[in-house]
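Visitor: Following this line is entry18.txt, made up of compact mmCIF, C-alpha atoms:
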# COMPACT_ATOMS: atom_id res chain seq x y z
CA MET A 1 86.53 99.88 120.55
CA SER A 2 87.28 103.34 119.18
CA PRO A 3 88.39 103.79 115.57
CA PHE A 4 91.64 105.29 116.87
CA LEU A 5 92.55 102.20 118.90
CA LYS A 6 91.54 99.85 116.07
CA THR A 7 93.61 101.93 113.63
CA ALA A 8 96.62 101.81 115.96
CA LEU A 9 96.38 98.02 116.27
CA PHE A 10 95.94 97.59 112.50
CA THR A 11 98.93 99.89 111.90
CA LEU A 12 101.20 97.88 114.17
CA VAL A 13 100.27 94.59 112.51
CA VAL A 14 99.85 95.33 108.79
CA PRO A 15 101.86 98.41 107.73
CA GLY A 16 104.23 97.76 110.64
CA SER A 17 105.01 94.34 109.18
CA VAL A 18 105.04 95.32 105.49
CA ALA A 19 106.94 98.60 105.84
CA VAL A 20 109.23 97.91 108.80
CA LEU A 21 109.53 94.32 110.05
CA ILE A 22 109.80 92.51 106.70
CA PRO A 23 112.27 95.02 105.17
CA LEU A 24 114.47 94.75 108.26
CA LEU A 25 114.34 90.97 108.10
CA ILE A 26 115.24 91.11 104.40
CA ALA A 27 118.10 93.53 105.12
CA GLY A 28 119.45 91.08 107.66
CA ASP A 29 122.97 91.92 108.73
CA ARG A 30 123.75 94.27 105.83
CA ALA A 31 125.54 97.44 106.86
CA ALA A 32 123.54 100.64 106.60
CA GLY A 33 124.83 103.33 104.27
CA GLY A 34 126.13 106.59 105.61
CA GLY A 35 126.29 110.24 104.66
CA ALA A 36 123.86 111.50 102.04
CA THR A 37 122.50 107.97 101.53
CA ARG A 38 121.50 107.76 105.17
CA VAL A 39 119.94 111.25 105.09
CA LEU A 40 117.88 110.41 101.97
CA ALA A 41 116.80 107.08 103.47
CA PHE A 42 115.68 108.69 106.72
CA LEU A 43 113.83 111.43 104.83
CA LEU A 44 111.87 108.77 102.92
CA LEU A 45 111.19 106.81 106.12
CA ALA A 46 110.04 109.96 107.93
CA LEU A 47 107.89 111.02 104.99
CA GLY A 48 106.29 107.59 104.88
CA ALA A 49 105.55 107.69 108.61
CA LEU A 50 104.13 111.22 108.45
CA VAL A 51 101.90 110.52 105.45
CA TYR A 52 100.66 107.22 106.88
CA LEU A 53 99.92 108.59 110.35
CA ARG A 54 98.09 111.68 109.07
CA SER A 55 96.06 109.57 106.63
CA ALA A 56 95.19 107.01 109.32
CA TRP A 57 94.17 109.90 111.59
CA ASP A 58 91.84 111.20 108.86
CA PHE A 59 90.30 107.73 108.48
CA ALA A 60 89.61 107.51 112.21
CA SER A 61 88.61 111.12 112.94
CA PHE A 62 86.73 112.14 109.80
CA GLY A 63 85.78 108.82 108.23
CA ARG A 64 85.05 107.14 111.58
CA GLY A 65 86.66 103.93 110.38
CA THR A 66 90.01 102.22 110.00
CA PRO A 67 92.36 101.19 107.17
CA ALA A 68 91.19 97.56 107.60
CA ILE A 69 88.85 96.42 104.82
CA THR A 70 86.58 94.90 107.46
CA ASP A 71 86.10 98.28 109.18
CA ALA A 72 86.44 100.88 106.44
CA PRO A 73 85.34 104.49 106.99
CA GLY A 74 81.66 105.25 106.55
CA ARG A 75 82.48 108.62 104.99
CA LEU A 76 84.64 109.22 101.94
CA VAL A 77 87.89 110.75 103.16
CA THR A 78 89.14 113.43 100.74
CA ARG A 79 91.08 115.73 103.06
CA GLY A 80 94.71 115.84 104.12
CA PHE A 81 96.94 113.84 101.78
CA TYR A 82 93.81 112.42 100.14
CA ARG A 83 93.59 115.73 98.27
CA TYR A 84 96.75 114.75 96.34
CA THR A 85 96.51 110.98 96.03
CA ARG A 86 93.65 108.53 96.45
CA ASN A 87 96.04 106.12 98.17
CA PRO A 88 98.36 107.99 100.53
CA MET A 89 98.75 105.04 102.90
CA TYR A 90 100.06 102.86 100.08
CA VAL A 91 102.35 105.69 98.94
CA ALA A 92 103.59 105.95 102.54
CA VAL A 93 104.38 102.23 102.75
CA LEU A 94 106.20 102.35 99.41
CA SER A 95 108.15 105.41 100.59
CA ALA A 96 109.26 103.52 103.70
CA VAL A 97 110.34 100.46 101.69
CA ALA A 98 112.30 102.74 99.33
CA GLY A 99 113.94 104.29 102.39
CA TRP A 100 115.08 100.88 103.64
CA ALA A 101 116.28 99.90 100.13
CA ILE A 102 118.38 103.05 99.92
CA LEU A 103 119.67 102.75 103.48
CA TYR A 104 120.85 99.17 102.99
CA GLY A 105 121.67 99.38 99.28
CA ALA A 106 119.82 96.12 98.80
CA PRO A 107 118.40 95.25 95.35
CA VAL A 108 116.22 92.61 97.01
CA LEU A 109 114.44 95.41 98.90
CA TRP A 110 113.77 97.21 95.60
CA ALA A 111 112.30 93.94 94.27
CA TYR A 112 110.19 93.64 97.43
CA GLY A 113 108.95 97.21 96.91
CA ALA A 114 108.11 96.45 93.27
CA ALA A 115 106.14 93.36 94.34
CA ILE A 116 104.22 95.43 96.90
CA PHE A 117 103.48 98.06 94.24
CA VAL A 118 102.06 95.39 91.90
CA PHE A 119 99.97 93.94 94.72
CA PHE A 120 98.67 97.39 95.75
CA SER A 121 97.88 98.27 92.12
CA LEU A 122 95.89 95.09 91.56
CA PHE A 123 94.10 95.37 94.89
CA ILE A 124 93.13 98.98 94.21
CA ARG A 125 91.87 98.31 90.68
CA LEU A 126 90.13 95.00 91.34
CA TYR A 127 88.72 95.56 94.83
CA GLU A 128 88.94 99.06 96.30
CA GLU A 129 87.86 101.23 93.38
CA PRO A 130 84.82 99.07 92.47
CA ARG A 131 83.78 98.83 96.15
CA LEU A 132 84.18 102.57 96.76
CA THR A 133 82.30 103.37 93.55
CA GLN A 134 79.48 101.11 94.70
CA GLU A 135 79.48 102.53 98.23
CA PHE A 136 79.91 106.25 97.49
CA GLY A 137 78.64 106.47 93.89
CA GLU A 138 78.99 109.82 92.13
CA GLU A 139 80.92 111.32 95.03
CA TYR A 140 83.71 108.78 94.50
CA VAL A 141 83.56 108.99 90.70
CA ALA A 142 84.01 112.77 90.91
CA TYR A 143 86.86 112.26 93.38
CA MET A 144 88.57 109.81 90.99
CA GLU A 145 88.31 112.38 88.19
CA ARG A 146 89.87 115.05 90.40
CA VAL A 147 92.56 113.10 92.25
CA GLY A 148 95.04 110.61 90.81
CA ARG A 149 95.40 107.03 91.99
CA TRP A 150 99.04 107.61 92.97
CA LEU A 151 99.56 111.35 92.52
CA THR A 152 97.45 114.22 91.21
CA LEU A 153 99.14 115.69 88.19
CA PRO A 154 98.95 119.42 87.40
CA GLY A 155 95.95 120.24 85.23
CA ARG A 156 93.99 117.20 86.37
CA GLY A 157 91.83 119.27 88.69
CA SER A 158 92.55 121.34 91.71
CA PRO A 159 92.68 119.43 95.00
CA ARG A 160 90.05 120.60 97.42
Take the structure in the file and write it out as structure tokens.
Guide:
Amino acid sequence: MSPFLKTALFTLVVPGSVAVLIPLLIAGDRAAGGGATRVLAFLLLALGALVYLRSAWDFASFGRGTPAITDAPGRLVTRGFYRYTRNPMYVAVLSAVAGWAILYGAPVLWAYGAAIFVFFSLFIRLYEEPRLTQEFGEEYVAYMERVGRWLTLPGRGSPR
């Protein structure tokens, strides 16, 4: 199966559930906000979708793998949004959850987003970074020095 098809299936099941299905289930029958609230929410949702899809494309096309830990890319992906954050897919999911929280004005969705952030942070620090350091060695260490875990701050190093 091609990395593109596997990535599409993974996307429907995992980020699709975490960033769309579960927030909508949590929102339940709450009324969506209107006006500027709705515009901001849709901007965050669109940004999340754009960042996720481009990053998943880079995994499949350049890395020749998928976002699934069982089929990770064989090449270190440092292009696209990976020039600005080491974890654009996680940022994208959090952006989508923030969009739903704003749209529905639901504190429980903010709590859900905070829980996801804690989970992502622990997973990155305890599993992903050690595994990527082991797999890619100095290339990944140099990448970590140049690009922030969540966002590359000015003066940290120029994204390539």
Visitor: For atom CA of Ala98 of chain A and atom CA of Val14 of chain A, quote the distance in Å rounded to one decimal.
Guide: 17.3 Å
Visitor: So, with all atoms listed in the file as the atoms that count, which of A:Val39, A:Leu24, A:Asp71, A:Gln134 lies closest to Phe4 of chain A?
Guide: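 For Phe4 of chain A, the nearest of the given residues is A:Asp71.
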Visitor: Name the residues in contact with Pro73 of chain A at a cut-off of 9 Å, using all atoms listed in the file, excluding same-chain residues fewer than 6 positions from it; report them as a PDB file with C-alpha atoms, keeping the file's coordinate frame.
Guide:
ATOM      1  CA  PHE A  59      90.300 107.730 108.480  1.00  0.00           C
ATOM      2  CA  ALA A  60      89.610 107.510 112.210  1.00  0.00           C
ATOM      3  CA  PHE A  62      86.730 112.140 109.800  1.00  0.00           C
ATOM      4  CA  GLY A  63      85.780 108.820 108.230  1.00  0.00           C
ATOM      5  CA  ARG A  64      85.050 107.140 111.580  1.00  0.00           C
ATOM      6  CA  GLY A  65      86.660 103.930 110.380  1.00  0.00           C
ATOM      7  CA  THR A  66      90.010 102.220 110.000  1.00  0.00           C
ATOM      8  CA  PRO A  67      92.360 101.190 107.170  1.00  0.00           C
TER       9      PRO A  67
END
Visitor: So, counting only C-alpha atoms, which residue among A:Val97, A:Ala111, A:Val13, A:Leu53 is closest to Gly80 of chain A?
Guide: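 With only C-alpha atoms as the atom set, the closest residue is A:Leu53.
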Visitor: Quick one: everything within 7 Å of segment 84-92 of chain A, counting only C-alpha atoms, minus sequence neighbours fewer than 6 positions away in the same chain. Send it as JSON, numbers by chain.
Guide: {"A": [48, 49, 51, 52, 55, 147, 148, 149, 150, 151, 152, 159]}
Visitor: Of the candidates A:Ala96, A:Leu132, A:Ile102, A:Ala32, which shows the shortest atom-to-atom distance to Leu50 of chain A, using all atoms listed in the file?
Guide: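 Looking only at the distances to Leu50 of chain A, the closest residue turns out to be A:Ala96.
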Visitor: Can you work out the spacing between atom CA of Asp29 of chain A and atom CA of Tyr104 of chain A in Å, to one decimal?
Guide: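 Interatomic distance, atom CA of Asp29 of chain A to atom CA of Tyr104 of chain A: 9.5 Å.
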Visitor: What separation in Å, quoted to one decimal, exists between atom CA of Ala27 of chain A and atom CA of Leu47 of chain A?
Guide: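 Interatomic distance here is 20.3 Å.
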Visitor: Considering all atoms listed in the file, state which residue in the set A:Arg79, A:Leu122, A:Gly34, A:Leu109 is at the smallest distance from Arg54 of chain A.
Guide: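 When distances to Arg54 of chain A are compared using all atoms listed in the file, the smallest one comes from A:Arg79.
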Visitor: Which is closer to Leu25 of chain A than all the others in A:Trp100, A:Phe10, A:Phe42, A:Tyr82, using all atoms listed in the file?
Guide: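 Checking each of A:Trp100, A:Phe10, A:Phe42, A:Tyr82 against Leu25 of chain A, counting all atoms listed in the file, the winner is A:Trp100.
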Visitor: For a quick check of understanding, using only C-alpha atoms, which of A:Ala68, A:Leu103, A:Ala56, A:Leu12 has the smallest distance to Phe81 of chain A?
Guide: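 Smallest separation from Phe81 of chain A among the options: A:Ala56.
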Visitor: Can you tell me which residues surround Thr133 of chain A at a distance of at most 12 Å, considering all atoms listed in the file, apart from same-chain residues fewer than 5 positions away, and format the answer as a list in words?
Guide: Leu76, Ile124, Arg125, Leu126, Tyr127, Glu128, Glu138, Glu139, Tyr140, Val141, Ala142, Tyr143 and Met144 of chain A
